[in-house]
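Participant: Let me begin by handing over the structure; questions about it come next.
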Amino acid sequence: MKIAIVGGGAAGLVAAITCSKKGNDVTIFEGNDKLGKKILVTGNGRCNYFNDDFEITHYHSSNIDLLKPLINKENKNKILDFFNSIGIIPKIIDGYYYPVTNQATTIVESLHNEIKRLGINILFNTKVNSIKYDNKFIINNEYFFDKVIIATGSKAAPKTGSEGLGYQIATTFGHNTIKPLPALVQLKSDMKYMKDWSGIRADAIIKMYENDELIKEERGELQLTDYGISGICTFQLSRDIVIGLNNNKKEHVCINFIPWLKSNTLEYLEGRNKMMYNPSIQ
């Protein structure tokens with residue numbers, strides 16, 4: 001069977017390898033001049049490619065029942081076996097998996113090497129302008145396939161090629177699409193002091209408030225930038241914040257930079273400061 005993979009990112013490369021191992025003739029259509037461009041910028045160039053906390057509660061969908069049979073221990077082991085099979089040795093930090101080299105290039109090169117080993121065809125600098133169906137899928141009025149897998153990503157990073165092409169293709173075949181909103185992203189602010197703290201990392205607790213009501217909080221490494229905040233704990237809150245903003249709700253966060261101190265210790269220190277600096281106390 002001839003299968004086309006539209007998109008040479010993480011999903012497209014894994015799909016291509018899997019299809020090829022099942023005996024299919026696979027071709028990857030990639031708009032860039034190289035594979036895995038978005039992979040290279042994930043995890044600040046280190047690529048956090050897996051997480052031990054593989055639970056259904058971390059997945060968001062309007063059809064969660066469709067996902068439940070897929071999110072299980074057996075499939076978790078299959079994913080880890082796949083990365084092991086292409087030579088990825090993990091470095092595990094608090095349940096987060098990175099390549100032992102701490103370099104995202106290791107993931108890209110390992111996937112690319114497997115693509116080459118399997119003899120998968122790659123069409124670089126080839127943007128898919130049209131897909132039609134007439135007994136076969138016809139791409140750009142030139143290429144014919146039995147099956148097509150759309151792996152173009154969303155609109156997360158236009159500079160890497162994720163421009164929303166997949167949505168356009170899906171709608172031409174009658175599929176409905178849900179308005180795409182950012183998730184797992186940084187939070188921006190216009191506060192003037194941002195440049196002063198840029199480049200600092202800290203273990204912190206971030207609390208999310210919606211219409212002045214505490215909704216949830218996350219603890220982890222916080223990255224302070226010249227535009228706002230980043231880091232895994234920020235990413236974990238960003239989806240809910242974006243949805244709230246899209247629904248015209250007021251969103252703000254509070255940062256606790258000393259999460260290891262108990263509240264009664266803070267109250268004691270605040271009391272000491274008042275005594276030390278209040279001139280009315282003799």
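Chain identifiers are assigned as A, B, and so on, following the order in which chains appear in the structure tokens; residues are numbered from 1 within each chain, and ligands are numbered from 1 in order of appearance.
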Write out as an MDAnalysis selection string the residues lying within 8 Å of A:Ala15, counting only C-alpha atoms and excluding same-chain residues fewer than 4 positions away.
Facilitator: chainID A and resid 5 11 19
Participant: Go ahead and write the residues just picked, N, CA, C and O atoms, as a short mmCIF file (atom, residue, chain, number, x, y, z; two decimals), in the first residue's frame.
Facilitator:
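part_12.cif, freshly written:
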```
data_model
loop_
_atom_site.label_atom_id
_atom_site.label_comp_id
_atom_site.auth_asym_id
_atom_site.auth_seq_id
_atom_site.Cartn_x
_atom_site.Cartn_y
_atom_site.Cartn_z
N ILE A 5 2.58 10.76 4.02
CA ILE A 5 2.60 11.44 5.32
C ILE A 5 2.82 12.91 5.04
O ILE A 5 3.87 13.30 4.52
N ALA A 11 5.15 13.66 14.92
CA ALA A 11 4.07 12.73 14.61
C ALA A 11 4.24 12.09 13.24
O ALA A 11 4.05 10.88 13.07
N CYS A 19 4.41 2.83 9.70
CA CYS A 19 3.79 2.33 8.46
C CYS A 19 4.79 1.54 7.63
O CYS A 19 4.45 0.50 7.04
#
```
Participant: Kindly assemble as CSV a list of the stretch 58-78 of chain A residues that lie within 12 Å of stretch 236-257 of chain A, each paired with its nearest atom pair and their distance in Å to one decimal, using only C-alpha atoms, sorted first by chain and then by ascending residue number.
Facilitator:
```
residue,atom,partner,partner_atom,distance
A:His58,CA,A:Gln236,CA,9.8
A:Tyr59,CA,A:Arg239,CA,11.6
A:His60,CA,A:Arg239,CA,10.0
```
Participant: Could you turn the residues from that selection into a file that holds N, CA and C atoms, as a PDB file, in the first residue's frame?
Facilitator:
```pdb
ATOM      1  N   HIS A  58      -4.776  13.799  32.384  1.00  0.00           N
ATOM      2  CA  HIS A  58      -3.969  14.881  31.815  1.00  0.00           C
ATOM      3  C   HIS A  58      -4.347  15.199  30.370  1.00  0.00           C
ATOM      4  N   TYR A  59      -5.314  14.489  29.839  1.00  0.00           N
ATOM      5  CA  TYR A  59      -5.725  14.690  28.450  1.00  0.00           C
ATOM      6  C   TYR A  59      -7.062  15.430  28.399  1.00  0.00           C
ATOM      7  N   HIS A  60      -7.180  16.332  27.440  1.00  0.00           N
ATOM      8  CA  HIS A  60      -8.380  17.153  27.307  1.00  0.00           C
ATOM      9  C   HIS A  60      -9.032  16.870  25.963  1.00  0.00           C
TER      10      HIS A  60
END
```
Participant: Go through A:Leu111, A:Ile229, A:Met208, A:Leu214 one by one, measure the shortest atom-to-atom distance of each to A:Gln186 using only C-alpha atoms, and give the residue with the smallest value.
Facilitator: A:Ile229
Participant: Using only C-alpha atoms, which protein or nucleic acid residues come within 8 Å of A:Phe145? Drop anything in the same chain fewer than 3 positions from it, and give the result as a list of chain:residue names.
Facilitator: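 After dropping sequence-adjacent residues, the list is A:Met1, A:Lys2, A:Ile3, A:Ala4, A:Lys136, A:Phe137, A:Ile138, A:Val148.
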Participant: Please return, as a list of chain:residue names, all residues of stretch 32-71 of chain A that DSSP assigns to helix (DSSP H, G or I) on the basis of the backbone.
Facilitator: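 Restricting stretch 32-71 of chain A to helix (DSSP H, G or I) produces A:Ile39, A:Leu40, A:Val41, A:Thr42, A:Gly43, A:Asn44, A:Gly45, A:Ile56, A:Thr57, A:His58, A:Ile64, A:Asp65, A:Leu66, A:Leu67.
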Participant: For the residues in that selection, give me all heavy atoms as a short mmCIF file (atom, residue, chain, number, x, y, z; two decimals), in the first residue's frame.
Facilitator:
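Just written: again-v4.cif:
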```cif
data_model
loop_
_atom_site.label_atom_id
_atom_site.label_comp_id
_atom_site.auth_asym_id
_atom_site.auth_seq_id
_atom_site.Cartn_x
_atom_site.Cartn_y
_atom_site.Cartn_z
N ILE A 39 10.91 20.05 16.59
CA ILE A 39 11.50 19.25 17.67
C ILE A 39 12.74 19.95 18.24
O ILE A 39 12.99 19.92 19.44
CB ILE A 39 11.90 17.85 17.15
CG1 ILE A 39 10.66 17.09 16.68
CG2 ILE A 39 12.61 17.05 18.24
CD1 ILE A 39 10.98 15.75 16.03
N LEU A 40 13.50 20.59 17.37
CA LEU A 40 14.76 21.20 17.78
C LEU A 40 14.60 22.33 18.78
O LEU A 40 15.54 22.67 19.49
CB LEU A 40 15.52 21.72 16.54
CG LEU A 40 15.98 20.66 15.54
CD1 LEU A 40 16.59 21.32 14.32
CD2 LEU A 40 16.98 19.71 16.19
N VAL A 41 13.41 22.93 18.84
CA VAL A 41 13.21 24.06 19.76
C VAL A 41 12.42 23.66 21.00
O VAL A 41 12.15 24.50 21.86
CB VAL A 41 12.51 25.24 19.05
CG1 VAL A 41 13.35 25.75 17.91
CG2 VAL A 41 11.12 24.84 18.55
N THR A 42 12.05 22.39 21.13
CA THR A 42 11.28 21.97 22.30
C THR A 42 12.18 21.79 23.51
O THR A 42 13.34 21.42 23.39
CB THR A 42 10.53 20.64 22.03
OG1 THR A 42 11.50 19.63 21.71
CG2 THR A 42 9.54 20.79 20.90
N GLY A 43 11.60 22.08 24.68
CA GLY A 43 12.35 21.92 25.92
C GLY A 43 13.61 22.74 25.97
O GLY A 43 14.63 22.31 26.50
N ASN A 44 13.53 23.97 25.40
CA ASN A 44 14.72 24.84 25.34
C ASN A 44 15.90 24.12 24.69
O ASN A 44 17.05 24.23 25.12
CB ASN A 44 15.13 25.32 26.74
CG ASN A 44 14.24 26.43 27.25
OD1 ASN A 44 13.71 27.21 26.47
ND2 ASN A 44 14.04 26.49 28.55
N GLY A 45 15.59 23.37 23.62
CA GLY A 45 16.64 22.70 22.88
C GLY A 45 17.05 21.36 23.46
O GLY A 45 17.97 20.71 22.95
N ILE A 56 -4.94 9.39 32.03
CA ILE A 56 -6.00 9.96 31.20
C ILE A 56 -6.45 11.33 31.71
O ILE A 56 -6.93 12.17 30.94
CB ILE A 56 -7.21 8.99 31.13
CG1 ILE A 56 -8.21 9.44 30.07
CG2 ILE A 56 -7.86 8.84 32.49
CD1 ILE A 56 -7.72 9.33 28.66
N THR A 57 -6.25 11.59 33.01
CA THR A 57 -6.68 12.87 33.59
C THR A 57 -5.91 14.06 33.01
O THR A 57 -6.36 15.20 33.13
CB THR A 57 -6.49 12.86 35.12
OG1 THR A 57 -5.14 12.49 35.42
CG2 THR A 57 -7.44 11.86 35.77
N HIS A 58 -4.78 13.80 32.38
CA HIS A 58 -3.97 14.88 31.81
C HIS A 58 -4.35 15.20 30.37
O HIS A 58 -3.75 16.08 29.76
CB HIS A 58 -2.48 14.53 31.88
CG HIS A 58 -1.98 14.29 33.26
ND1 HIS A 58 -2.16 15.19 34.29
CD2 HIS A 58 -1.31 13.24 33.81
CE1 HIS A 58 -1.64 14.72 35.40
NE2 HIS A 58 -1.10 13.53 35.13
N ILE A 64 -13.58 12.20 25.38
CA ILE A 64 -12.55 11.54 26.17
C ILE A 64 -12.67 10.02 26.10
O ILE A 64 -11.67 9.30 26.24
CB ILE A 64 -12.61 12.03 27.64
CG1 ILE A 64 -11.29 11.73 28.36
CG2 ILE A 64 -13.81 11.44 28.37
CD1 ILE A 64 -10.13 12.57 27.91
N ASP A 65 -13.87 9.49 25.85
CA ASP A 65 -14.04 8.04 25.77
C ASP A 65 -13.26 7.44 24.60
O ASP A 65 -12.91 6.26 24.63
CB ASP A 65 -15.53 7.68 25.63
CG ASP A 65 -16.31 7.96 26.91
OD1 ASP A 65 -15.67 7.96 27.98
OD2 ASP A 65 -17.53 8.18 26.84
N LEU A 66 -13.01 8.25 23.58
CA LEU A 66 -12.23 7.78 22.43
C LEU A 66 -10.78 7.53 22.82
O LEU A 66 -10.10 6.68 22.26
CB LEU A 66 -12.31 8.81 21.30
CG LEU A 66 -11.70 8.42 19.95
CD1 LEU A 66 -12.49 7.28 19.32
CD2 LEU A 66 -11.69 9.61 19.01
N LEU A 67 -10.29 8.31 23.82
CA LEU A 67 -8.89 8.21 24.23
C LEU A 67 -8.65 7.12 25.26
O LEU A 67 -7.54 6.57 25.34
CB LEU A 67 -8.42 9.55 24.79
CG LEU A 67 -8.35 10.73 23.83
CD1 LEU A 67 -7.93 11.99 24.58
CD2 LEU A 67 -7.37 10.45 22.71
#
```
